[in-house]
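**Student:** This one is run25.txt, compact mmCIF, C-alpha atoms.
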```txt
# COMPACT_ATOMS: atom_id res chain seq x y z
CA MET F 1 132.48 98.00 103.49
CA VAL F 2 131.15 94.51 104.00
CA ASN F 3 130.06 92.66 100.86
CA THR F 4 126.27 92.68 100.76
CA LYS F 5 126.11 89.22 99.15
CA THR F 6 127.24 87.79 102.48
CA PHE F 7 124.03 88.97 104.11
CA ILE F 8 121.32 88.85 101.43
CA ASN F 9 120.29 85.19 101.84
CA GLU F 10 120.20 85.55 105.63
CA ILE F 11 118.06 88.69 105.37
CA LEU F 12 115.65 87.05 102.91
CA ARG F 13 115.27 84.05 105.23
CA ASP F 14 114.56 86.47 108.05
CA TYR F 15 111.82 88.10 105.94
CA GLU F 16 110.28 84.68 105.32
CA ARG F 17 110.28 83.98 109.06
CA LYS F 18 108.68 87.37 109.72
CA ARG F 19 105.88 86.70 107.21
CA ASP F 20 105.23 83.22 108.60
CA ARG F 21 105.13 84.58 112.14
CA ALA F 22 102.79 87.43 111.12
CA LEU F 23 100.40 84.96 109.45
CA ARG F 24 100.43 82.60 112.46
CA GLU F 25 99.77 85.47 114.84
CA LYS F 26 96.87 86.65 112.69
CA GLU F 27 95.35 83.13 112.70
CA MET F 28 95.67 82.99 116.48
CA ARG F 29 93.97 86.38 116.85
CA VAL F 30 91.16 85.31 114.51
CA GLU F 31 90.60 82.08 116.48
CA ASP F 32 90.54 84.09 119.70
CA ILE F 33 87.92 86.51 118.31
CA TYR F 34 85.81 83.66 116.89
CA HIS F 35 85.79 82.04 120.33
CA ARG F 36 84.89 85.29 122.09
CA ILE F 37 82.38 86.55 119.49
CA PRO F 38 80.95 83.60 117.50
CA ARG F 39 78.82 85.92 115.37
CA ILE F 40 82.02 87.28 113.72
CA ALA F 41 82.90 83.76 112.57
CA GLU F 42 79.44 83.51 111.00
CA ILE F 43 79.86 86.92 109.35
CA ASP F 44 83.21 85.94 107.85
CA GLN F 45 81.66 82.78 106.40
CA GLU F 46 78.82 84.82 104.92
CA ILE F 47 81.29 87.36 103.50
CA THR F 48 83.13 84.53 101.76
CA LYS F 49 79.87 83.20 100.27
CA VAL F 50 78.79 86.67 99.10
CA SER F 51 82.21 87.32 97.54
CA ILE F 52 81.88 84.06 95.59
CA GLY F 53 78.39 85.12 94.60
CA ILE F 54 79.74 88.42 93.25
CA SER F 55 82.23 86.58 91.06
CA ARG F 56 79.52 84.27 89.73
CA SER F 57 77.10 87.12 89.02
CA ILE F 58 79.74 88.85 86.93
CA LEU F 59 80.22 85.71 84.86
CA ASN F 60 76.51 84.80 84.69
CA GLN F 61 74.98 86.39 81.63
CA SER F 62 71.53 84.75 81.96
CA GLU F 63 70.29 87.32 84.49
CA ASP F 64 70.70 91.04 84.98
CA PRO F 65 74.33 91.08 86.23
CA GLU F 66 74.28 94.74 87.35
CA LYS F 67 71.19 94.29 89.51
CA ALA F 68 72.51 91.04 91.03
CA LEU F 69 75.92 92.59 91.57
CA GLN F 70 74.51 95.63 93.38
CA SER F 71 72.37 93.43 95.62
CA LEU F 72 75.38 91.34 96.61
CA LYS F 73 77.52 94.45 97.19
CA ASP F 74 74.85 95.89 99.47
CA LYS F 75 74.75 92.65 101.44
CA LEU F 76 78.55 92.58 101.63
CA ASN F 77 78.68 96.14 102.96
CA ALA F 78 76.01 95.35 105.55
CA LEU F 79 78.02 92.35 106.78
CA LYS F 80 81.21 94.40 107.01
CA GLN F 81 79.42 97.12 108.92
CA GLU F 82 77.99 94.62 111.37
CA LYS F 83 81.42 93.10 111.87
CA ALA F 84 82.99 96.52 112.45
CA TYR F 85 80.24 97.36 114.95
CA LEU F 86 80.82 94.14 116.90
CA LEU F 87 84.56 94.74 117.04
CA THR F 88 84.12 98.35 118.18
CA GLU F 89 81.54 97.28 120.78
CA ASN F 90 84.12 94.88 122.22
CA ASN F 91 86.99 97.43 122.09
CA ILE F 92 88.82 95.53 119.37
CA PRO F 93 90.52 97.55 116.57
CA VAL F 94 89.50 96.51 113.05
CA GLN F 95 93.22 96.09 112.21
CA TYR F 96 93.46 93.42 114.93
CA LEU F 97 92.21 90.80 112.47
CA GLU F 98 94.61 91.85 109.71
CA VAL F 99 98.16 90.61 109.14
CA GLN F 100 100.50 92.84 111.13
CA TYR F 101 103.61 93.18 108.98
CA GLN F 102 106.66 94.86 110.46
CA CYS F 103 107.02 96.84 107.23
CA SER F 104 103.76 97.91 105.61
CA HIS F 105 105.53 99.08 102.45
CA CYS F 106 106.87 95.70 101.31
CA GLN F 107 104.78 93.46 103.63
CA ASP F 108 107.98 91.88 104.95
CA ARG F 109 109.19 90.79 101.53
CA GLY F 110 112.12 93.17 101.26
CA PHE F 111 111.06 94.28 97.80
CA LEU F 112 108.40 96.72 96.62
CA PRO F 113 105.84 95.78 93.90
CA SER F 114 108.03 97.69 91.43
CA GLY F 115 110.89 95.26 92.14
CA GLU F 116 112.98 97.85 93.98
CA LYS F 117 114.60 97.05 97.31
CA CYS F 118 112.49 98.38 100.16
CA SER F 119 114.11 100.91 102.49
CA CYS F 120 113.87 98.35 105.31
CA PHE F 121 115.93 95.90 103.22
CA LYS F 122 118.59 98.54 102.55
CA GLN F 123 118.73 99.44 106.22
CA GLN F 124 119.15 95.80 107.21
CA LEU F 125 122.16 95.58 104.92
CA ILE F 126 123.63 98.60 106.66
CA ASN F 127 122.78 97.26 110.12
CA LYS F 128 124.52 93.99 109.28
CA ALA F 129 127.59 95.92 108.22
CA TYR F 130 127.42 97.95 111.45
CA SER F 131 127.18 94.76 113.46
CA MET F 132 130.25 93.33 111.75
CA SER F 133 132.21 96.54 112.39
CA ASN F 134 131.03 96.86 116.03
CA LEU F 135 129.56 100.29 115.22
CA SER F 136 126.25 99.25 116.75
CA ASP F 137 128.01 98.88 120.13
CA ILE F 138 129.64 102.29 119.72
CA LEU F 139 126.28 103.96 119.04
CA LYS F 140 124.91 102.59 122.31
CA LYS F 141 127.63 104.54 124.14
CA GLU F 142 128.01 107.61 121.93
CA ASN F 143 124.68 109.39 121.57
CA PHE F 144 123.06 112.70 122.50
CA GLN F 145 121.94 111.31 125.87
CA SER F 146 125.50 110.45 126.89
CA PHE F 147 127.10 113.66 125.55
CA ASN F 148 128.93 115.45 128.40
CA ILE F 149 129.38 119.17 127.76
CA ASN F 150 131.45 119.48 130.95
CA LEU F 151 134.38 117.76 129.25
CA PHE F 152 134.99 120.99 127.34
CA SER F 153 136.87 123.90 128.90
CA ASN F 154 134.89 127.02 129.74
CA GLU F 155 137.97 129.23 129.35
CA ILE F 156 138.40 131.23 126.15
CA ALA F 157 140.77 129.32 123.89
CA PRO F 158 143.91 131.04 122.52
CA GLY F 159 143.16 132.72 119.21
CA GLN F 160 139.39 132.20 119.61
CA GLU F 161 136.60 134.53 120.66
CA THR F 162 134.86 132.02 122.92
CA SER F 163 135.50 128.95 125.04
CA PRO F 164 135.46 125.37 123.68
CA GLN F 165 132.44 124.72 125.92
CA ASN F 166 130.38 127.61 124.52
CA ASN F 167 131.43 126.68 121.00
CA MET F 168 130.40 123.09 121.58
CA LEU F 169 127.03 124.18 122.99
CA GLU F 170 126.39 126.02 119.72
CA VAL F 171 127.58 123.05 117.65
CA LEU F 172 125.43 120.68 119.71
CA ASN F 173 122.39 122.89 119.20
CA ILE F 174 122.91 122.90 115.43
CA CYS F 175 123.37 119.11 115.36
CA GLU F 176 120.19 118.49 117.36
CA GLY F 177 118.34 120.88 115.05
CA PHE F 178 119.76 119.02 112.05
CA VAL F 179 118.20 115.80 113.36
CA PHE F 180 114.92 117.43 114.39
CA ASN F 181 114.45 119.14 111.00
CA PHE F 182 115.91 116.30 108.96
CA ASP F 183 112.76 115.67 106.91
CA LYS F 184 112.41 119.31 105.91
CA GLN F 185 113.61 120.39 102.48
CA ASN F 186 116.10 122.86 103.96
CA GLU F 187 119.23 121.82 102.01
CA GLU F 188 121.14 121.56 105.29
CA ASN F 189 124.42 119.66 105.24
CA LEU F 190 127.18 119.67 107.86
CA LEU F 191 130.97 119.95 107.69
CA PHE F 192 132.87 119.25 110.92
CA TYR F 193 136.48 120.46 110.84
CA GLY F 194 139.28 120.74 113.37
CA PRO F 195 142.09 118.67 114.94
CA THR F 196 141.61 115.15 116.27
CA GLY F 197 140.26 114.45 119.74
CA LEU F 198 137.76 117.32 119.94
CA GLY F 199 134.48 115.40 119.68
CA LYS F 200 133.83 115.33 115.92
CA THR F 201 133.45 111.55 115.76
CA PHE F 202 131.37 111.46 118.95
CA LEU F 203 128.89 114.02 117.59
CA THR F 204 128.82 112.23 114.25
CA ASN F 205 127.83 109.07 116.09
CA CYS F 206 125.15 111.01 118.01
CA ILE F 207 123.56 112.12 114.74
CA ALA F 208 123.83 108.64 113.21
CA LYS F 209 122.18 107.03 116.25
CA ALA F 210 119.34 109.58 116.39
CA LEU F 211 118.50 109.17 112.70
CA LEU F 212 118.76 105.38 112.77
CA ASP F 213 116.28 105.44 115.65
CA LYS F 214 113.94 107.45 113.41
CA GLY F 215 114.14 104.75 110.73
CA LYS F 216 116.42 106.65 108.38
CA ILE F 217 118.93 104.98 106.10
CA VAL F 218 122.36 106.11 107.29
CA VAL F 219 125.62 105.18 105.57
CA TYR F 220 128.69 105.89 107.70
CA GLN F 221 132.11 105.31 106.19
CA THR F 222 135.59 106.80 106.12
CA ALA F 223 136.67 108.68 103.02
CA PHE F 224 139.57 106.25 102.59
CA LYS F 225 137.25 103.22 102.51
CA ILE F 226 134.72 104.90 100.21
CA PHE F 227 137.38 105.65 97.60
CA GLU F 228 138.83 102.16 98.02
CA VAL F 229 135.44 100.69 97.07
CA LEU F 230 134.97 103.17 94.21
CA GLU F 231 138.39 102.29 92.85
CA ALA F 232 137.60 98.57 93.02
CA ILE F 233 134.37 99.11 91.09
CA ARG F 234 135.89 101.43 88.50
CA PHE F 235 139.21 99.68 87.85
CA HIS F 236 138.90 96.11 89.12
CA ASN F 237 135.37 95.17 88.03
CA SER F 238 134.09 94.76 91.58
CA GLN F 239 130.45 93.63 91.75
CA ASP F 240 129.76 95.39 95.06
CA LYS F 241 127.39 97.85 93.36
CA ASP F 242 124.82 97.96 96.18
CA HIS F 243 127.11 99.88 98.49
CA TYR F 244 128.05 102.23 95.66
CA GLN F 245 124.39 103.07 95.02
CA LEU F 246 123.75 103.61 98.73
CA LEU F 247 126.27 106.47 98.65
CA PHE F 248 123.68 108.31 96.56
CA ASP F 249 120.42 106.86 97.92
CA ALA F 250 120.98 106.88 101.70
CA ASP F 251 118.97 109.43 103.66
CA LEU F 252 122.21 110.55 105.28
CA LEU F 253 125.73 109.88 104.04
CA ILE F 254 128.47 110.39 106.62
CA ILE F 255 131.98 110.75 105.18
CA ASP F 256 134.41 110.52 108.09
CA ASP F 257 138.09 111.53 108.00
CA LEU F 258 138.00 113.38 104.69
CA GLY F 259 141.62 114.03 103.74
CA THR F 260 142.99 110.64 104.77
CA GLU F 261 142.48 109.33 101.23
CA ILE F 262 145.04 109.80 98.45
CA THR F 263 144.00 112.99 96.69
CA ASN F 264 144.17 112.83 92.91
CA THR F 265 142.06 113.47 89.83
CA PHE F 266 140.05 110.30 90.40
CA THR F 267 139.17 111.00 94.05
CA ASN F 268 138.37 114.65 93.29
CA SER F 269 136.05 113.63 90.47
CA GLU F 270 134.29 110.95 92.53
CA LEU F 271 133.94 113.17 95.59
CA PHE F 272 132.39 115.94 93.51
CA ASN F 273 130.02 113.43 91.89
CA ILE F 274 128.83 112.17 95.30
CA ILE F 275 128.46 115.64 96.84
CA ASN F 276 126.81 117.22 93.81
CA SER F 277 124.46 114.29 93.09
CA ARG F 278 123.23 114.27 96.67
CA LEU F 279 122.67 118.02 96.59
CA LEU F 280 120.66 117.73 93.38
CA SER F 281 118.50 114.94 94.84
CA ASN F 282 118.01 116.76 98.19
CA LYS F 283 119.88 114.06 100.10
CA LYS F 284 121.79 115.22 103.16
CA THR F 285 125.47 114.69 103.87
CA LEU F 286 127.75 115.08 106.88
CA ILE F 287 131.50 115.37 106.31
CA SER F 288 134.10 115.25 109.08
CA THR F 289 137.74 116.20 108.54
CA ASN F 290 140.90 117.03 110.48
CA LEU F 291 141.88 119.49 107.75
CA THR F 292 141.69 123.25 108.11
CA LEU F 293 139.53 125.24 105.68
CA LYS F 294 142.69 126.39 103.90
CA GLU F 295 143.88 122.79 103.54
CA ILE F 296 140.51 121.78 102.10
CA MET F 297 140.79 124.60 99.58
CA ASN F 298 144.31 123.51 98.61
CA ASN F 299 143.61 119.75 98.49
CA TYR F 300 140.39 119.73 96.47
CA ASP F 301 139.36 121.37 93.23
CA ASP F 302 137.28 124.55 93.03
CA ARG F 303 134.00 122.72 92.32
CA ILE F 304 134.22 120.75 95.59
CA PHE F 305 135.37 123.79 97.55
CA SER F 306 132.47 125.83 96.15
CA ARG F 307 129.85 123.19 97.05
CA LEU F 308 131.18 122.71 100.57
CA PHE F 309 131.40 126.40 101.40
CA SER F 310 128.08 127.39 99.85
CA LYS F 311 125.87 124.39 100.69
CA TYR F 312 127.25 123.15 104.03
CA THR F 313 127.06 124.52 107.56
CA LEU F 314 130.71 124.80 108.64
CA LEU F 315 131.26 123.80 112.28
CA LYS F 316 134.69 124.40 113.77
CA PHE F 317 135.99 122.25 116.65
CA PHE F 318 138.77 123.61 118.85
CA GLY F 319 140.23 123.20 122.33
CA ASN F 320 142.31 120.62 124.14
CA ASP F 321 142.51 117.01 122.98
CA LEU F 322 139.78 115.24 124.99
CA ARG F 323 141.51 111.88 124.63
CA TRP F 324 144.06 112.93 127.23
CA GLN F 325 141.38 113.78 129.78
CA THR F 326 140.29 111.23 132.35
```
Just give me the structure of the file as structure tokens.

**Tutor:**
Amino acid sequence: MVNTKTFINEILRDYERKRDRALREKEMRVEDIYHRIPRIAEIDQEITKVSIGISRSILNQSEDPEKALQSLKDKLNALKQEKAYLLTENNIPVQYLEVQYQCSHCQDRGFLPSGEKCSCFKQQLINKAYSMSNLSDILKKENFQSFNINLFSNEIAPGQETSPQNNMLEVLNICEGFVFNFDKQNEENLLFYGPTGLGKTFLTNCIAKALLDKGKIVVYQTAFKIFEVLEAIRFHNSQDKDHYQLLFDADLLIIDDLGTEITNTFTNSELFNIINSRLLSNKKTLISTNLTLKEIMNNYDDRIFSRLFSKYTLLKFFGNDLRWQT
């Protein structure tokens, strides 16, 4: 994983540029409307005066503040209604004169009022990491639109009850449904298993691309790299805690190539913690592995095996290695 500190200052500067641009564009729109409908400029000036009057009436104790306040509020409402009427009459949305932030949650600051990182900030960190790893280029090529079912044989595979093509049609249908129903609380998680070269990574990329396009936070990493980062944090005092937390907070966590990591007590414990924590918080996970189900059972402890087989949809990939096909 790429160290987030490399990107944070650049992202924050980008947020500042976005806010400045949004404010400039609002000023330009306001000037345009004032030129086209001078009465709106007059209304805005009157609204400012009335708003000042409201503040003064609250502080002024020499007269009946409630009566003065209500009178000013009535005048303010009348001005706002007239302004809204003029905008509507000229086919101009009321929001046209407001600042148009790209993210309404944090108003292009990157942080929420609570001090937490906004989801758009987290996703930018991930997008930067994707850019550095060239994954963004891969997702342009490997997506549901470019998936070619004809690459898979329509002959029944040895030892199977159906053809690789029919099997892949079923897998593809489940994956598209997974994306379509992603926001539903259906506790759906996916486990892709089977030998290399059968389309597991391609379909994983299809899902990642579709969910990124929907604005979801997707973390995609190999099991080997995840445990490398976890080991650095646990045993070498690494400060790369943001990526660690994203393993739990991301809308979708994709663990690719499970089984390529060194399997020991530490990796078993950490893997169970990630899987179980995400299940408890209703966060979805996709795991891809070249292992067979029996190898998964032998390589990982009973707690992991139980979670995977009871909480994940198991999708088997079989057929000829597609990498040898032209």

**Student:** Could you check which of F:Asp251, F:Asp257, F:Asp20, F:Glu176 is closest to Ser281 in chain F, using only C-alpha atoms?

**Tutor:** F:Asp251

**Student:** Contacts of range 301-310 of chain F at 10 Å or less, counting all atoms listed in the file, minus same-chain residues fewer than 4 places along, as a list in words?

**Tutor:**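 Final neighbour list, sorted by chain and number: Asn189, Leu190, Leu191, Asn264, Thr265, Asn268, Ser269, Leu271, Phe272, Asn273, Ile275, Asn276, Leu279, Ile287, Leu293, Ile296, Met297 and Leu314 of chain F.
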
**Student:** Using all atoms listed in the file, pick whichever of F:Cys103, F:Ile217, F:Ala232, F:Ile226 has the shortest atom-to-atom distance to Leu252 in chain F.

**Tutor:**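 Nearest to Leu252 in chain F: F:Ile217.
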
**Student:** Would you write out, as JSON lines, a table of all residues in range 104-190 of chain F that have an atom no more than 8 Å from an atom of range 8-12 of chain F, listing for each the closest atom pair and the distance in Å to one decimal, considering all atoms listed in the file and ordering rows by chain and rising residue number?

**Tutor:**
```
{"residue": "F:Arg109", "atom": "CA", "partner": "F:Leu12", "partner_atom": "CA", "distance": 7.6}
{"residue": "F:Gly110", "atom": "CA", "partner": "F:Leu12", "partner_atom": "CA", "distance": 7.3}
{"residue": "F:Phe121", "atom": "CA", "partner": "F:Ile11", "partner_atom": "CA", "distance": 7.8}
{"residue": "F:Gln124", "atom": "CA", "partner": "F:Ile11", "partner_atom": "CA", "distance": 7.4}
{"residue": "F:Leu125", "atom": "CA", "partner": "F:Ile8", "partner_atom": "CA", "distance": 7.6}
```

**Student:** Please provide as a VMD selection string all residues within 9 Å of Leu322 in chain F, with the sequence filter that same-chain residues fewer than 6 positions apart are discarded (counting all atoms listed in the file).

**Tutor:** chain F and resid 151 to 152 196 to 199

**Student:** How far is it from CA of Leu286 in chain F to CA of Ala208 in chain F, in Å with one decimal?

**Tutor:**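 A separation of 9.8 Å between them.
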
**Student:** Nearest residue to Glu161 in chain F out of F:Lys214, F:Phe318, F:Glu16, F:Ile274, using all atoms listed in the file?

**Tutor:**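 That would be F:Phe318, the residue with the smallest distance to Glu161 in chain F.
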
**Student:** State, in Å with one decimal place, the distance from CA of Lys311 in chain F to CA of Glu188 in chain F.

**Tutor:**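 Going from CA of Lys311 in chain F over to CA of Glu188 in chain F covers 7.2 Å.
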
**Student:** Pick from F:Ser288, F:Asn282, F:Thr88, F:Thr313: nearest to Asp183 in chain F, with all atoms listed in the file counted?

**Tutor:**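 Closest candidate: F:Asn282.
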
**Student:** When you draw a straight line from CA of Glu170 in chain F to CA of Lys316 in chain F, how long is it in Å?

**Tutor:**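 Computing the Euclidean distance for CA of Glu170 in chain F and CA of Lys316 in chain F yields 10.3 Å.
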
**Student:** As a PDB file, in the coordinates of the input, could you write out range 162-173 of chain F once it has been completed with N, CA, C and O atoms?

**Tutor:**
```pdb
ATOM      1  N   THR F 162     135.715 132.652 121.909  1.00  0.00           N
ATOM      2  CA  THR F 162     134.860 132.020 122.920  1.00  0.00           C
ATOM      3  C   THR F 162     135.553 130.782 123.465  1.00  0.00           C
ATOM      4  O   THR F 162     136.636 130.391 123.001  1.00  0.00           O
ATOM      5  N   SER F 163     134.928 130.157 124.434  1.00  0.00           N
ATOM      6  CA  SER F 163     135.500 128.950 125.040  1.00  0.00           C
ATOM      7  C   SER F 163     135.089 127.715 124.247  1.00  0.00           C
ATOM      8  O   SER F 163     134.060 127.730 123.551  1.00  0.00           O
ATOM      9  N   PRO F 164     135.859 126.625 124.327  1.00  0.00           N
ATOM     10  CA  PRO F 164     135.460 125.370 123.680  1.00  0.00           C
ATOM     11  C   PRO F 164     134.076 124.908 124.141  1.00  0.00           C
ATOM     12  O   PRO F 164     133.314 124.358 123.348  1.00  0.00           O
ATOM     13  N   GLN F 165     133.741 125.152 125.412  1.00  0.00           N
ATOM     14  CA  GLN F 165     132.440 124.720 125.920  1.00  0.00           C
ATOM     15  C   GLN F 165     131.301 125.484 125.265  1.00  0.00           C
ATOM     16  O   GLN F 165     130.305 124.891 124.827  1.00  0.00           O
ATOM     17  N   ASN F 166     131.422 126.814 125.170  1.00  0.00           N
ATOM     18  CA  ASN F 166     130.380 127.610 124.520  1.00  0.00           C
ATOM     19  C   ASN F 166     130.283 127.276 123.031  1.00  0.00           C
ATOM     20  O   ASN F 166     129.187 127.222 122.468  1.00  0.00           O
ATOM     21  N   ASN F 167     131.436 127.064 122.420  1.00  0.00           N
ATOM     22  CA  ASN F 167     131.430 126.680 121.000  1.00  0.00           C
ATOM     23  C   ASN F 167     130.724 125.352 120.804  1.00  0.00           C
ATOM     24  O   ASN F 167     129.918 125.190 119.879  1.00  0.00           O
ATOM     25  N   MET F 168     131.009 124.409 121.710  1.00  0.00           N
ATOM     26  CA  MET F 168     130.400 123.090 121.580  1.00  0.00           C
ATOM     27  C   MET F 168     128.906 123.133 121.852  1.00  0.00           C
ATOM     28  O   MET F 168     128.136 122.382 121.244  1.00  0.00           O
ATOM     29  N   LEU F 169     128.463 124.020 122.753  1.00  0.00           N
ATOM     30  CA  LEU F 169     127.030 124.180 122.990  1.00  0.00           C
ATOM     31  C   LEU F 169     126.326 124.634 121.709  1.00  0.00           C
ATOM     32  O   LEU F 169     125.234 124.169 121.382  1.00  0.00           O
ATOM     33  N   GLU F 170     126.964 125.541 120.985  1.00  0.00           N
ATOM     34  CA  GLU F 170     126.390 126.020 119.720  1.00  0.00           C
ATOM     35  C   GLU F 170     126.389 124.908 118.680  1.00  0.00           C
ATOM     36  O   GLU F 170     125.399 124.712 117.973  1.00  0.00           O
ATOM     37  N   VAL F 171     127.490 124.167 118.601  1.00  0.00           N
ATOM     38  CA  VAL F 171     127.580 123.050 117.650  1.00  0.00           C
ATOM     39  C   VAL F 171     126.533 121.995 117.980  1.00  0.00           C
ATOM     40  O   VAL F 171     125.838 121.485 117.095  1.00  0.00           O
ATOM     41  N   LEU F 172     126.404 121.682 119.265  1.00  0.00           N
ATOM     42  CA  LEU F 172     125.430 120.680 119.710  1.00  0.00           C
ATOM     43  C   LEU F 172     124.015 121.104 119.356  1.00  0.00           C
ATOM     44  O   LEU F 172     123.208 120.284 118.888  1.00  0.00           O
ATOM     45  N   ASN F 173     123.708 122.372 119.534  1.00  0.00           N
ATOM     46  CA  ASN F 173     122.390 122.890 119.200  1.00  0.00           C
ATOM     47  C   ASN F 173     122.095 122.740 117.712  1.00  0.00           C
ATOM     48  O   ASN F 173     120.994 122.348 117.315  1.00  0.00           O
TER      49      ASN F 173
END
```
